[in-house]
$ cat start11.cif   # mmCIF, C-alpha atoms and all ligand atoms
data_start
#
loop_
_atom_site.label_atom_id
_atom_site.label_comp_id
_atom_site.auth_asym_id
_atom_site.auth_seq_id
_atom_site.Cartn_x
_atom_site.Cartn_y
_atom_site.Cartn_z
CA MET A 1 176.75 299.82 68.48
CA PHE A 2 179.52 300.11 65.90
CA THR A 3 178.82 300.70 62.24
CA ASP A 4 181.34 299.03 60.00
CA LYS A 5 183.01 301.43 57.56
CA LEU A 6 185.80 301.19 55.00
CA ILE A 7 187.53 304.21 53.49
CA HIS A 8 190.08 304.75 50.77
CA ALA A 9 192.05 308.01 50.85
CA THR A 10 195.20 309.84 49.83
CA ALA A 11 197.34 312.04 52.05
CA ALA A 12 200.31 314.42 51.97
CA ASP A 13 199.58 315.66 48.43
CA ASN A 14 199.05 312.22 46.95
CA ARG A 15 202.35 310.96 48.30
CA LEU A 16 200.59 308.53 50.65
CA ARG A 17 197.76 306.11 49.95
CA CYS A 18 195.63 305.21 52.98
CA MET A 19 192.92 302.72 53.83
CA ALA A 20 191.15 302.34 57.16
CA THR A 21 188.25 300.30 58.40
CA VAL A 22 186.09 299.44 61.38
CA THR A 23 185.01 295.79 61.12
CA THR A 24 183.60 294.99 64.58
CA SER A 25 180.20 293.75 63.36
CA LEU A 26 181.40 291.71 60.39
CA VAL A 27 184.23 290.06 62.34
CA GLY A 28 181.70 289.25 65.07
CA GLU A 29 179.44 287.61 62.51
CA ALA A 30 182.33 285.62 60.98
CA CYS A 31 183.39 284.33 64.40
CA ARG A 32 179.82 283.40 65.36
CA ARG A 33 179.33 281.54 62.09
CA HIS A 34 182.55 279.58 62.38
CA ARG A 35 182.51 279.23 66.18
CA THR A 36 186.18 280.17 66.36
CA SER A 37 188.22 279.97 69.55
CA PRO A 38 189.48 283.31 70.98
CA THR A 39 192.86 283.04 69.25
CA ALA A 40 191.38 281.77 65.97
CA SER A 41 188.89 284.67 66.15
CA ALA A 42 191.77 287.14 66.35
CA ALA A 43 193.54 285.44 63.41
CA LEU A 44 190.41 285.32 61.25
CA GLY A 45 189.34 288.85 62.21
CA ARG A 46 192.73 290.34 61.38
CA THR A 47 192.81 288.49 58.04
CA LEU A 48 189.29 289.61 57.08
CA THR A 49 190.20 293.18 58.03
CA GLY A 50 193.48 293.01 56.09
CA GLY A 51 191.70 291.56 53.05
CA LEU A 52 189.16 294.39 53.06
CA LEU A 53 191.91 297.00 53.32
CA LEU A 54 193.97 295.45 50.50
CA GLY A 55 190.79 295.18 48.42
CA SER A 56 189.53 298.69 49.11
CA GLY A 57 190.75 299.95 45.73
CA LEU A 58 189.29 297.05 43.71
CA LYS A 59 187.40 297.82 40.49
CA ASP A 60 184.16 296.20 39.34
CA LEU A 61 184.41 292.42 38.85
CA GLU A 62 187.75 292.25 40.64
CA LYS A 63 188.29 290.04 43.66
CA LEU A 64 191.10 289.81 46.18
CA THR A 65 191.96 286.69 48.15
CA VAL A 66 194.33 286.57 51.12
CA HIS A 67 195.42 283.04 51.98
CA PHE A 68 197.65 282.20 54.93
CA ASP A 69 198.82 278.62 54.38
CA CYS A 70 200.05 277.96 57.93
CA ASP A 71 202.23 275.21 59.39
CA GLY A 72 200.61 275.81 62.78
CA PRO A 73 197.42 274.23 64.17
CA ILE A 74 195.05 276.74 62.53
CA GLY A 75 195.78 275.37 59.03
CA ASP A 76 194.48 277.75 56.36
CA ILE A 77 193.17 281.26 56.97
CA ILE A 78 191.28 282.67 53.99
CA ALA A 79 189.62 286.01 53.33
CA GLN A 80 188.08 287.09 50.05
CA ALA A 81 187.07 290.71 49.38
CA GLU A 82 185.00 292.29 46.62
CA PRO A 83 184.79 295.90 45.39
CA SER A 84 181.39 296.40 47.09
CA GLY A 85 182.98 295.88 50.52
CA ASN A 86 181.66 292.33 50.81
CA VAL A 87 184.08 289.98 52.49
CA ARG A 88 183.90 286.31 53.45
CA GLY A 89 186.40 283.93 54.99
CA TYR A 90 187.21 280.98 57.19
CA VAL A 91 189.94 279.09 58.98
CA SER A 92 190.36 275.34 58.53
CA ASN A 93 190.65 274.62 62.28
CA PRO A 94 188.39 277.05 64.17
CA GLU A 95 189.05 275.31 67.50
CA ALA A 96 192.82 275.98 67.35
CA ASP A 97 193.63 278.11 70.38
CA ALA A 98 196.64 279.40 72.24
CA THR A 99 196.73 278.31 75.86
CA LEU A 100 198.90 281.18 76.99
CA MET A 101 199.11 284.82 76.08
CA ASN A 102 202.32 286.20 74.68
CA ASP A 103 204.67 288.45 76.64
CA ARG A 104 202.71 291.54 75.61
CA GLY A 105 199.57 290.14 77.22
CA LYS A 106 197.87 289.53 73.89
CA LEU A 107 196.31 286.51 72.28
CA ASP A 108 199.22 284.58 70.86
CA VAL A 109 198.11 284.43 67.22
CA ARG A 110 201.65 283.59 66.13
CA SER A 111 201.59 280.32 68.09
CA ILE A 112 198.64 278.90 66.10
CA VAL A 113 199.83 280.30 62.74
CA GLY A 114 203.45 279.17 62.88
CA GLY A 115 205.35 279.50 59.62
CA GLY A 116 204.19 278.81 56.10
CA LYS A 117 203.26 280.94 53.11
CA LEU A 118 201.08 283.97 52.45
CA TYR A 119 199.39 284.20 49.05
CA VAL A 120 197.56 287.27 47.76
CA THR A 121 195.59 286.82 44.55
CA ARG A 122 193.84 289.54 42.55
CA ASP A 123 191.60 288.28 39.78
CA ALA A 124 189.15 290.01 37.52
CA GLY A 125 186.00 288.88 35.79
CA PHE A 126 186.69 285.17 36.10
CA GLU A 127 183.06 284.38 36.93
CA ILE A 128 181.71 285.97 33.76
CA GLY A 129 184.31 284.27 31.57
CA LEU A 130 186.73 287.16 31.24
CA MET A 131 189.75 284.93 31.62
CA LYS A 132 192.16 287.66 32.58
CA GLU A 133 195.34 286.29 34.04
CA PRO A 134 195.10 286.61 37.83
CA TYR A 135 197.91 288.34 39.70
CA ARG A 136 199.27 286.20 42.49
CA GLY A 137 202.03 287.12 44.93
CA MET A 138 203.60 284.88 47.54
CA VAL A 139 205.88 285.51 50.50
CA PRO A 140 206.92 283.34 53.45
CA ILE A 141 205.07 284.00 56.72
CA ILE A 142 207.73 285.87 58.70
CA SER A 143 205.78 286.90 61.80
CA GLY A 144 202.52 284.99 62.18
CA GLU A 145 200.81 288.10 63.59
CA ILE A 146 198.99 288.74 60.25
CA GLY A 147 199.49 292.54 60.11
CA GLU A 148 203.29 292.33 59.96
CA ASP A 149 203.00 289.61 57.32
CA ILE A 150 200.77 291.76 55.13
CA ALA A 151 203.26 294.64 55.46
CA PHE A 152 206.08 292.26 54.46
CA TYR A 153 204.02 291.03 51.47
CA LEU A 154 203.39 294.61 50.29
CA ALA A 155 207.08 295.53 50.58
CA ARG A 156 208.47 292.36 49.04
CA SER A 157 205.91 291.41 46.43
CA GLU A 158 204.34 294.74 45.43
CA GLN A 159 207.34 296.94 46.27
CA VAL A 160 205.24 299.31 48.38
CA ASN A 161 206.45 300.26 51.84
CA SER A 162 203.46 300.28 54.14
CA ALA A 163 202.48 300.70 57.76
CA VAL A 164 199.87 298.06 58.65
CA SER A 165 197.93 297.87 61.90
CA LEU A 166 195.18 295.27 62.40
CA GLY A 167 193.44 294.40 65.64
CA VAL A 168 190.65 292.37 67.17
CA LEU A 169 189.56 292.76 70.78
CA MET A 170 187.64 289.89 72.38
CA THR A 171 185.56 290.28 75.51
CA VAL A 172 183.78 287.70 77.63
CA ASP A 173 180.30 288.89 78.53
CA GLY A 174 179.89 289.51 82.22
CA ASP A 175 183.65 289.57 82.71
CA ASP A 176 186.10 292.42 82.46
CA ALA A 177 188.83 290.21 81.03
CA THR A 178 189.79 291.41 77.60
CA TRP A 179 192.28 289.19 75.94
CA GLU A 180 193.84 291.25 73.29
CA GLU A 181 194.87 294.37 75.14
CA THR A 182 195.03 293.80 78.88
CA VAL A 183 198.41 293.14 80.33
CA GLY A 184 197.00 289.95 81.62
CA THR A 185 197.87 287.11 83.79
CA HIS A 186 197.85 283.67 82.31
CA GLU A 187 194.80 282.73 84.33
CA SER A 188 192.47 284.88 82.30
CA SER A 189 193.37 283.08 79.11
CA THR A 190 192.57 279.69 80.53
CA ALA A 191 189.41 280.78 82.35
CA GLU A 192 186.25 278.80 81.74
CA PHE A 193 184.00 280.32 79.15
CA SER A 194 181.53 279.19 76.56
CA LEU A 195 181.85 280.42 73.00
CA ASP A 196 178.40 281.98 73.34
CA SER A 197 179.63 284.43 75.95
CA LEU A 198 182.64 285.46 73.90
CA ARG A 199 182.19 288.62 71.91
CA VAL A 200 184.21 290.62 69.40
CA SER A 201 184.05 294.05 71.03
CA ALA A 202 186.30 295.94 68.61
CA ALA A 203 187.93 295.15 65.27
CA GLY A 204 189.53 297.27 62.60
CA GLY A 205 192.75 298.50 61.12
CA TYR A 206 194.55 300.72 58.69
CA ILE A 207 197.23 300.65 56.00
CA VAL A 208 199.29 303.70 55.03
CA GLN A 209 201.40 303.24 51.88
CA MET A 210 204.33 305.25 50.56
CA MET A 211 203.88 306.23 46.93
CA PRO A 212 207.01 306.53 44.75
CA SER A 213 206.88 310.33 45.18
CA ALA A 214 207.25 310.02 48.96
CA ASP A 215 210.74 310.87 50.18
CA ASN A 216 212.70 309.79 53.25
CA GLY A 217 211.71 312.95 55.10
CA LEU A 218 208.02 312.13 54.75
CA ALA A 219 208.67 308.49 55.75
CA ALA A 220 210.43 309.58 58.94
CA HIS A 221 207.70 312.12 59.70
CA LEU A 222 204.98 309.47 59.23
CA GLU A 223 206.86 306.97 61.35
CA ARG A 224 207.07 309.51 64.18
CA ASN A 225 203.35 310.24 63.97
CA ILE A 226 202.42 306.54 63.93
CA SER A 227 204.62 305.78 66.93
CA ARG A 228 202.70 308.38 68.94
CA ALA A 229 199.26 307.12 67.86
CA PRO A 230 197.29 304.45 69.75
CA SER A 231 196.91 300.99 68.17
CA ALA A 232 194.07 300.36 65.71
CA THR A 233 192.30 298.22 68.32
CA ASP A 234 192.47 301.00 70.92
CA MET A 235 191.14 303.55 68.46
CA VAL A 236 188.18 301.35 67.44
CA ARG A 237 187.45 300.59 71.09
CA GLU A 238 187.36 304.35 71.76
CA GLY A 239 184.76 304.68 69.00
CA PHE A 240 186.99 306.28 66.33
CA SER A 241 185.68 306.23 62.76
CA PRO A 242 188.10 305.19 59.98
CA VAL A 243 188.60 308.88 59.09
CA GLU A 244 189.42 309.70 62.71
CA MET A 245 191.84 306.78 62.82
CA LEU A 246 193.71 308.09 59.80
CA ARG A 247 193.71 311.67 61.10
CA THR A 248 195.22 310.41 64.35
CA VAL A 249 197.87 308.38 62.56
CA LEU A 250 198.72 311.07 60.00
CA GLY A 251 198.90 313.92 62.53
CA ASP A 252 199.42 317.21 60.71
CA LEU A 253 199.50 315.67 57.20
CA ASP A 254 196.54 316.54 54.97
CA LEU A 255 193.98 313.81 54.21
CA LEU A 256 191.63 313.48 51.24
CA VAL A 257 188.95 310.75 51.45
CA LEU A 258 188.19 309.31 48.00
CA GLU A 259 185.66 306.64 48.81
CA GLU A 260 183.58 305.32 51.69
CA LYS A 261 181.83 301.95 51.86
CA GLU A 262 179.89 299.86 54.36
CA PRO A 263 181.67 296.52 54.45
CA ARG A 264 179.80 293.38 55.52
CA PHE A 265 180.31 289.65 55.86
CA TYR A 266 178.61 288.27 52.79
CA CYS A 267 178.86 284.95 50.97
CA GLN A 268 177.44 284.30 47.52
CA CYS A 269 176.54 280.69 48.22
CA SER A 270 172.89 279.63 47.84
CA HIS A 271 170.68 276.58 47.68
CA GLU A 272 170.83 276.79 43.88
CA ARG A 273 174.63 276.79 43.86
CA ALA A 274 174.62 273.83 46.25
CA LEU A 275 172.45 271.92 43.72
CA LEU A 276 174.88 272.84 40.92
CA ILE A 277 177.82 271.50 42.92
CA ILE A 278 176.04 268.20 43.60
CA SER A 279 174.96 267.90 40.00
CA ALA A 280 178.59 268.27 38.93
CA LEU A 281 179.54 265.23 41.05
CA GLY A 282 177.92 263.00 38.45
CA ARG A 283 175.19 260.37 38.32
CA GLU A 284 177.02 257.61 40.20
CA GLU A 285 177.79 259.79 43.19
CA ILE A 286 174.22 261.10 43.38
CA LEU A 287 172.76 257.59 43.22
CA ASP A 288 175.09 256.70 46.07
CA MET A 289 173.81 259.63 48.16
CA LEU A 290 170.22 258.57 47.46
CA GLU A 291 170.84 255.02 48.52
CA LYS A 292 172.88 255.77 51.63
CA ASP A 293 171.38 258.99 53.02
CA HIS A 294 168.18 259.67 51.04
CA GLY A 295 169.40 263.22 50.76
CA ALA A 296 172.52 265.29 51.17
CA GLU A 297 173.92 268.09 53.28
CA LEU A 298 176.37 270.58 51.85
CA ILE A 299 178.22 273.02 54.10
CA CYS A 300 179.77 276.15 52.63
CA HIS A 301 183.41 276.50 53.74
CA PHE A 302 183.31 280.26 53.51
CA CYS A 303 180.30 280.98 55.73
CA ASN A 304 179.49 277.63 57.39
CA GLU A 305 175.90 277.72 56.07
CA ALA A 306 174.40 274.21 55.77
CA TYR A 307 172.24 273.35 52.75
CA GLN A 308 169.87 270.36 52.98
CA ILE A 309 169.24 268.67 49.66
CA THR A 310 166.10 266.50 49.71
CA GLU A 311 165.59 263.07 48.19
CA ASP A 312 163.28 264.59 45.56
CA GLU A 313 165.91 267.14 44.55
CA LEU A 314 168.51 264.38 44.22
CA LEU A 315 166.11 262.36 42.06
CA GLY A 316 165.66 265.42 39.87
CA LEU A 317 169.44 265.83 39.54
CA VAL A 318 169.88 262.16 38.57
CA GLN A 319 167.66 262.77 35.53
CA THR A 320 169.96 265.50 34.21
CA ALA A 321 173.34 264.28 35.45
CA THR A 322 175.66 262.32 33.23
ZN ZN B 401 178.70 280.49 51.88
#

$ encode --input "start11.cif" --output "structure tokens" --more "lines below"
Ligand code: ZN
Amino acid sequence: MFTDKLIHATAADNRLRCMATVTTSLVGEACRRHRTSPTASAALGRTLTGGLLLGSGLKDLEKLTVHFDCDGPIGDIIAQAEPSGNVRGYVSNPEADATLMNDRGKLDVRSIVGGGKLYVTRDAGFEIGLMKEPYRGMVPIISGEIGEDIAFYLARSEQVNSAVSLGVLMTVDGDDATWEETVGTHESSTAEFSLDSLRVSAAGGYIVQMMPSADNGLAAHLERNISRAPSATDMVREGFSPVEMLRTVLGDLDLLVLEEKEPRFYCQCSHERALLIISALGREEILDMLEKDHGAELICHFCNEAYQITEDELLGLVQTAT
């Protein structure tokens, strides 16, 4: 059993900033909740992992949102990370799936993402009324493979050159076919399976960023080390911890871990919040719900939890609504 971990570190005498994470359990939970297809699972899992990594240095009350606004069949991919390591997210079309694997034998995430725009928003204290101006960056989606797009965003929008590796490995229970990494035949991607037998067997990733003090020599050295290292997915599958992943990627460069967290899939929705949302719809709308359905059901986009609002609760809201 994997334990999810997220670390924040510096390396090479503060000239590199590094983040690494194992997210197998939380990506598994996200995919179960949203019943995502294999390809949508990879897209959502990579985005949740990338969001956690980008958000690993967040301060109290800050929040980071990664939003892929895709032209392809998956629609929107959203991940939102908090300083505690909590992350939540969804895709607008969980059934979007690639019918074929790409030429590297991997799930063809690019084919369901297509083009579009990538937004990264950092806001602070909005929920307690600290109306600090959020920071929002936008770049076009240049790859559709998620990791490369996040690297492009960091270089273009935040002017930080970064190496980004994100991976999700899916396995079908009782079958050796692994979609993400096997040099597969096309048959295995169209094989019959039920979503219940599909499992996220490894997920994780890392980001290594060049600080302004890093010179070309260090960049070349790092590039050489990374090219010799296995992919993030392979390392997680082998049971590497985030520290071990970074040590493997950094090679002989020194590493100093600053912070370690246990990330999890967590959504702050609740029955009470669901009532607040309905109450905000106004008296007319609530009366309509009472008449037509004698109740209401509210489903949270972020975690797919369904909240049943009873007739009595609606009657109570009518009293207070305007
Ligand atoms: Zn929720």

$ residues_near_ligand --input "start11.cif" --ligand "ligand ZN 401 (chain B)" --cutoff "12 Å" --atoms "all atoms listed in the file" --output "count of residues only"
28

$ atom_distance --input "start11.cif" --atom1 "CA of Arg17 in chain A" --atom2 "CA of Gly239 in chain A"
23.1 Å

$ residues_around --input "start11.cif" --residues "His221 in chain A" --least-positions-apart "5" --cutoff "10 Å" --atoms "only C-alpha atoms" --output "MDAnalysis selection string"
chainID A and resid 216 226 250:253

$ residues_around --input "start11.cif" --residues "Ser201 in chain A" --least-positions-apart "4" --cutoff "9 Å" --atoms "all atoms listed in the file" --output "MDAnalysis selection string"
chainID A and resid 24:25 28 168:171 237

$ residues_around --input "start11.cif" --residues "Ala296 in chain A" --least-positions-apart "4" --cutoff "10 Å" --atoms "all atoms listed in the file" --output "NGL selection string"
:A and (275 or 278 or 286 or 289-290 or 292 or 307-311 or 313-314)

$ closest_residue --input "start11.cif" --among "A:Gly144, A:Gly85, A:Pro134, A:Pro73" --to "Leu48 in chain A" --atoms "all atoms listed in the file"
A:Gly85

$ closest_residue --input "start11.cif" --among "A:Asp254, A:Glu284, A:Glu238, A:Asp71" --to "Asn14 in chain A" --atoms "only C-alpha atoms"
A:Asp254

$ residues_around --input "start11.cif" --residues "Ser279 in chain A" --least-positions-apart "6" --cutoff "9 Å" --atoms "only C-alpha atoms" --output "ChimeraX atom specification"
/A:286,314,317-318,320-322

$ decode --input "start11.cif" --residues "range 275-286 of chain A" --atoms "all heavy atoms" --output "tab-separated table (two decimals), in the first residue's frame"
chain	number	residue	atom	x	y	z
A	275	LEU	N	-27.23	23.69	1.61
A	275	LEU	CA	-28.41	24.48	1.99
A	275	LEU	C	-28.20	25.96	1.68
A	275	LEU	O	-29.10	26.64	1.20
A	275	LEU	CB	-28.71	24.29	3.48
A	275	LEU	CG	-29.27	22.93	3.90
A	275	LEU	CD1	-29.42	22.85	5.41
A	275	LEU	CD2	-30.60	22.64	3.21
A	276	LEU	N	-26.99	26.45	1.95
A	276	LEU	CA	-26.68	27.86	1.68
A	276	LEU	C	-26.83	28.19	0.19
A	276	LEU	O	-27.36	29.24	-0.18
A	276	LEU	CB	-25.25	28.19	2.10
A	276	LEU	CG	-25.03	28.52	3.58
A	276	LEU	CD1	-23.54	28.70	3.86
A	276	LEU	CD2	-25.79	29.79	3.95
A	277	ILE	N	-26.34	27.26	-0.64
A	277	ILE	CA	-26.41	27.48	-2.09
A	277	ILE	C	-27.87	27.55	-2.54
A	277	ILE	O	-28.26	28.42	-3.31
A	277	ILE	CB	-25.65	26.37	-2.84
A	277	ILE	CG1	-24.14	26.54	-2.60
A	277	ILE	CG2	-25.96	26.39	-4.33
A	277	ILE	CD1	-23.30	25.36	-3.03
A	278	ILE	N	-28.69	26.62	-2.02
A	278	ILE	CA	-30.10	26.60	-2.41
A	278	ILE	C	-30.80	27.86	-1.91
A	278	ILE	O	-31.59	28.48	-2.63
A	278	ILE	CB	-30.78	25.32	-1.88
A	278	ILE	CG1	-30.15	24.15	-2.61
A	278	ILE	CG2	-32.30	25.40	-2.06
A	278	ILE	CD1	-30.95	22.93	-2.73
A	279	SER	N	-30.47	28.24	-0.70
A	279	SER	CA	-31.09	29.43	-0.13
A	279	SER	C	-30.79	30.67	-0.98
A	279	SER	O	-31.63	31.56	-1.14
A	279	SER	CB	-30.60	29.58	1.32
A	279	SER	OG	-30.60	30.91	1.69
A	280	ALA	N	-29.59	30.69	-1.56
A	280	ALA	CA	-29.19	31.85	-2.38
A	280	ALA	C	-29.94	31.90	-3.72
A	280	ALA	O	-29.94	32.91	-4.40
A	280	ALA	CB	-27.69	31.81	-2.62
A	281	LEU	N	-30.59	30.78	-4.09
A	281	LEU	CA	-31.33	30.76	-5.36
A	281	LEU	C	-32.58	31.65	-5.30
A	281	LEU	O	-33.10	32.07	-6.33
A	281	LEU	CB	-31.75	29.33	-5.71
A	281	LEU	CG	-30.61	28.35	-6.03
A	281	LEU	CD1	-31.16	26.95	-6.23
A	281	LEU	CD2	-29.85	28.80	-7.27
A	282	GLY	N	-33.05	31.87	-4.07
A	282	GLY	CA	-34.22	32.75	-3.93
A	282	GLY	C	-35.52	31.99	-3.78
A	282	GLY	O	-35.63	30.81	-4.14
A	283	ARG	N	-36.51	32.69	-3.23
A	283	ARG	CA	-37.80	32.12	-2.86
A	283	ARG	C	-38.53	31.43	-4.02
A	283	ARG	O	-39.01	30.30	-3.89
A	283	ARG	CB	-38.64	33.29	-2.32
A	283	ARG	CG	-39.85	32.90	-1.56
A	283	ARG	CD	-40.60	34.16	-1.16
A	283	ARG	NE	-42.00	33.85	-0.95
A	283	ARG	CZ	-42.47	33.32	0.18
A	283	ARG	NH1	-41.66	33.06	1.17
A	283	ARG	NH2	-43.75	33.02	0.30
A	284	GLU	N	-38.56	32.11	-5.17
A	284	GLU	CA	-39.30	31.57	-6.32
A	284	GLU	C	-38.78	30.20	-6.73
A	284	GLU	O	-39.53	29.25	-6.92
A	284	GLU	CB	-39.16	32.52	-7.52
A	284	GLU	CG	-39.90	33.83	-7.38
A	284	GLU	CD	-41.40	33.62	-7.18
A	284	GLU	OE1	-41.97	32.78	-7.92
A	284	GLU	OE2	-41.98	34.24	-6.27
A	285	GLU	N	-37.47	30.14	-6.84
A	285	GLU	CA	-36.81	28.90	-7.27
A	285	GLU	C	-37.09	27.77	-6.28
A	285	GLU	O	-37.34	26.63	-6.67
A	285	GLU	CB	-35.30	29.18	-7.37
A	285	GLU	CG	-34.51	28.08	-8.02
A	285	GLU	CD	-34.48	28.20	-9.55
A	285	GLU	OE1	-34.94	29.23	-10.09
A	285	GLU	OE2	-34.01	27.26	-10.17
A	286	ILE	N	-37.03	28.09	-4.99
A	286	ILE	CA	-37.25	27.06	-3.97
A	286	ILE	C	-38.70	26.57	-4.00
A	286	ILE	O	-38.96	25.37	-3.90
A	286	ILE	CB	-36.87	27.59	-2.56
A	286	ILE	CG1	-35.41	28.04	-2.54
A	286	ILE	CG2	-37.10	26.51	-1.50
A	286	ILE	CD1	-35.00	28.75	-1.28
